[in-house]
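K.L.:
The structure that follows is given in the form of structure tokens.
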Amino acid sequence: MEGGYRVLALTESNKKYDEKKGAKSEELLAFIIIEDHIREEAKATIDWFKKNNVQIKIISGDDPLTVSKIAERVNVEGYDKYISLENVSLEEVEKLAEKYTVFGRVSPEQKYVLVKTLKKRGHIVAMTGDGVNDTLALKEADCSIAMAEGSEVARNISKLVLLDSNFASLPSVVKEGRQVINNVQKSSTLFLMKTLFTICLCIATLILNQSYPFAPKNLFLVELFIIGIPSFMLTFEANTKIIQGNFIPQVLKKSIPRMAVMFIGVLVSMFALKYVATPIELDTLQTLTITCVAFLNLIWLCIPLSWYRCLILFLSAVLITTAAILLPDMFGLATISQIEVFNPLIWITLGSIVAGGIILIGIYELILFLIRKNKTKIKPIKNK
């Protein structure tokens, strides 16, 4: 029906019912109009997904016009692009998968083909369903979501079950997932940064025929107060930013530049004053170099700053300073009395390395900015 209602015709007849003729020749008594109840939160939920770049498709066994009208009432984008898949071949369904938004009269096999086709064309597909006829498609989807009130089969094969059977719960589920992935990505960047740095420094010392510059205690400040505690705290930050790209490439993309800044800084500290400074001066310089440059990387990772990230940076700086002053032997640093007679070149070198690290970070961010700016200027040429 045009209004999106389901309509039943009530007729009266004294004759035996003929399935071929139906009730067309009988006396019409009334029309019974059935309207689907739309939950109050449905519209807000659909709007949230639209704002977060999620494309919504409705796959139903009902009449496509009826489903389209319901989709219009909840602001589904492309609600007017509807089609009936009744008697449509599976090969033809593949061609229609991206062209339409609302699919009516869909069989279980057609649902499966729709999901599989969207996946094949590079989409990440999530599907909600509650019936046995949804099981094939639910199993094929990247993320299958079942309603608790649905069939047992649908619940068993789905990756997620909504215990309240309420579609409005999905935004909170997505936000929780984003927080976990985004924050684990940041924590992983810190750990991988140090691992890649260690690998590169080992290779460099072998090639240059130099002894490895650090004992385990020299890295405690970095491991405890720049990687360990901050990465743990970052996992609790509220972060609902849209996830960009695949996990491993994104972590490598962030880890490698930060590792490079650490690697260059430590190489400079190894050779700048090699024949001028005493062993304790070199140890202190190298330990402070890797600690300061790693802290720069932590600041870099926390940009854009928020009150919670500023708290993490402040706590990290306080712990590093306190530990270095009160327990210098534990971290391979010189004591206050030894530092007082240090060669001034030690501090000049350390300051130069930190300044160089800031410059390298600035240059890298400038290059990324220019690349992003050029991409926005380039528009694809459409074939006429």
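So you can find residues: chains in the structure tokens are A, B, ... in the order shown, residues in each start at 1, and ligands are numbered from 1 in order.
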Just list as a PyMOL selection string whatever in stretch 66-309 of chain A DSSP marks as alpha helix (DSSP H).
P.N.:
chain A and resi 66-73+90-96+108-120+135-140+152-157+170-207+220-222+229-234+247-271+279-302+307-309
K.L.:
Next, write the just-selected residues to a file, as a compact mmCIF listing (two decimals), in the first residue's frame, keeping C-alpha atoms as the atom set.
P.N.:
```txt
# COMPACT_ATOMS: atom_id res chain seq x y z
CA THR A 66 5.86 -1.13 2.52
CA VAL A 67 9.44 -1.45 3.77
CA SER A 68 10.45 1.66 1.82
CA LYS A 69 7.74 3.74 3.50
CA ILE A 70 8.85 2.53 6.93
CA ALA A 71 12.45 3.37 6.01
CA GLU A 72 11.33 6.87 5.02
CA ARG A 73 9.73 7.40 8.43
CA LEU A 90 21.19 -15.08 -7.66
CA GLU A 91 23.44 -13.80 -10.48
CA GLU A 92 21.17 -10.80 -10.95
CA VAL A 93 21.09 -10.17 -7.18
CA GLU A 94 24.86 -9.62 -7.26
CA LYS A 95 24.43 -6.81 -9.81
CA LEU A 96 21.72 -5.13 -7.71
CA PRO A 108 17.42 -16.72 2.59
CA GLU A 109 19.75 -17.55 -0.31
CA GLN A 110 19.38 -14.03 -1.72
CA LYS A 111 20.21 -12.51 1.68
CA TYR A 112 23.38 -14.58 1.74
CA VAL A 113 24.34 -13.44 -1.78
CA LEU A 114 23.73 -9.77 -0.91
CA VAL A 115 26.04 -9.94 2.11
CA LYS A 116 28.68 -11.92 0.25
CA THR A 117 28.63 -9.50 -2.72
CA LEU A 118 29.02 -6.42 -0.50
CA LYS A 119 31.99 -8.06 1.24
CA LYS A 120 33.53 -8.99 -2.10
CA THR A 135 21.23 -17.58 9.47
CA LEU A 136 23.05 -17.93 6.13
CA ALA A 137 23.59 -14.18 5.85
CA LEU A 138 24.49 -13.79 9.54
CA LYS A 139 27.15 -16.45 9.23
CA GLU A 140 28.64 -14.73 6.15
CA GLU A 152 18.11 -20.05 18.91
CA VAL A 153 19.96 -20.80 15.67
CA ALA A 154 20.43 -17.09 14.92
CA ARG A 155 21.72 -16.46 18.44
CA ASN A 156 24.17 -19.37 18.32
CA ILE A 157 25.89 -18.37 15.07
CA LEU A 170 24.25 -0.69 18.72
CA PRO A 171 25.73 2.85 18.88
CA SER A 172 27.05 2.17 22.39
CA VAL A 173 28.46 -1.15 21.18
CA VAL A 174 30.25 0.60 18.30
CA LYS A 175 31.61 3.29 20.63
CA GLU A 176 32.97 0.66 23.00
CA GLY A 177 34.65 -1.16 20.13
CA ARG A 178 36.18 2.05 18.81
CA GLN A 179 37.56 2.92 22.23
CA VAL A 180 39.20 -0.50 22.57
CA ILE A 181 40.73 -0.52 19.07
CA ASN A 182 41.88 3.12 19.03
CA ASN A 183 43.42 2.96 22.50
CA VAL A 184 45.09 -0.42 21.96
CA GLN A 185 46.48 1.04 18.74
CA LYS A 186 48.09 3.90 20.70
CA SER A 187 49.49 1.53 23.34
CA SER A 188 50.81 -0.81 20.67
CA THR A 189 52.55 2.12 18.98
CA LEU A 190 54.57 2.79 22.15
CA PHE A 191 55.61 -0.84 22.57
CA LEU A 192 56.42 -1.38 18.89
CA MET A 193 58.37 1.89 18.77
CA LYS A 194 60.79 0.57 21.39
CA THR A 195 60.99 -2.90 19.81
CA LEU A 196 61.82 -1.52 16.35
CA PHE A 197 64.34 0.86 17.89
CA THR A 198 66.10 -2.01 19.66
CA ILE A 199 66.26 -4.09 16.46
CA CYS A 200 67.66 -1.19 14.41
CA LEU A 201 70.21 -0.26 17.09
CA CYS A 202 71.43 -3.88 17.33
CA ILE A 203 71.92 -4.00 13.56
CA ALA A 204 73.66 -0.61 13.55
CA THR A 205 76.11 -1.56 16.33
CA LEU A 206 76.97 -4.78 14.50
CA ILE A 207 77.60 -2.95 11.23
CA PHE A 220 63.92 1.33 32.88
CA LEU A 221 62.83 4.97 32.77
CA VAL A 222 61.49 4.52 29.24
CA ILE A 229 52.20 3.38 32.82
CA PRO A 230 51.10 5.76 30.00
CA SER A 231 50.03 2.90 27.71
CA PHE A 232 47.98 1.41 30.56
CA MET A 233 46.32 4.76 31.25
CA LEU A 234 45.63 5.42 27.56
CA PHE A 247 45.26 -2.29 12.64
CA ILE A 248 48.82 -3.45 11.80
CA PRO A 249 49.52 -0.91 8.99
CA GLN A 250 48.24 1.93 11.18
CA VAL A 251 50.44 0.88 14.12
CA LEU A 252 53.50 0.58 11.85
CA LYS A 253 52.71 3.95 10.27
CA LYS A 254 52.88 5.58 13.71
CA SER A 255 55.70 3.48 15.19
CA ILE A 256 58.33 3.77 12.45
CA PRO A 257 58.67 7.61 12.45
CA ARG A 258 58.87 7.65 16.26
CA MET A 259 61.46 4.88 16.21
CA ALA A 260 63.50 6.85 13.65
CA VAL A 261 63.61 9.93 15.90
CA MET A 262 64.85 7.80 18.82
CA PHE A 263 67.38 5.97 16.65
CA ILE A 264 68.92 9.15 15.21
CA GLY A 265 69.10 10.77 18.65
CA VAL A 266 70.87 7.81 20.23
CA LEU A 267 73.35 7.50 17.34
CA VAL A 268 74.29 11.15 17.80
CA SER A 269 74.76 10.65 21.56
CA MET A 270 76.98 7.60 20.91
CA PHE A 271 79.47 9.37 18.67
CA PRO A 279 82.22 6.60 30.73
CA ILE A 280 79.75 7.85 33.38
CA GLU A 281 79.11 10.99 31.33
CA LEU A 282 78.44 8.91 28.20
CA ASP A 283 76.13 6.54 30.07
CA THR A 284 74.18 9.44 31.53
CA LEU A 285 74.00 11.24 28.17
CA GLN A 286 72.77 8.17 26.33
CA THR A 287 70.21 7.28 29.03
CA LEU A 288 68.88 10.84 29.18
CA THR A 289 68.84 11.01 25.37
CA ILE A 290 66.65 7.96 24.89
CA THR A 291 64.42 9.02 27.79
CA CYS A 292 63.94 12.60 26.55
CA VAL A 293 63.39 11.61 22.92
CA ALA A 294 60.96 8.84 23.95
CA PHE A 295 59.07 11.42 26.04
CA LEU A 296 58.89 13.67 22.97
CA ASN A 297 57.35 10.75 21.10
CA LEU A 298 54.81 10.29 23.91
CA ILE A 299 53.83 13.96 23.59
CA TRP A 300 53.61 13.51 19.82
CA LEU A 301 51.33 10.50 20.26
CA CYS A 302 49.06 12.41 22.65
CA TRP A 307 42.89 17.12 29.90
CA TYR A 308 43.33 13.36 30.34
CA ARG A 309 46.35 13.18 28.01
```
K.L.:
Between A:Asn218, A:Ser89, A:Asn374, A:Ser60, which one has atoms that come closest to A:Val102, using only C-alpha atoms?
P.N.:
A:Ser60
K.L.:
Apply DSSP to the backbone of this structure and, from stretch 17-79 of chain A, keep only the residues in strand (DSSP E); write these as a ChimeraX atom specification.
P.N.:
/A:27-34,58-59
K.L.:
What is the distance, in Å and to one decimal place, between atom CA of A:Leu327 and atom CA of A:Pro344?
P.N.:
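Computing it gives 22.7 Å between the two atoms.
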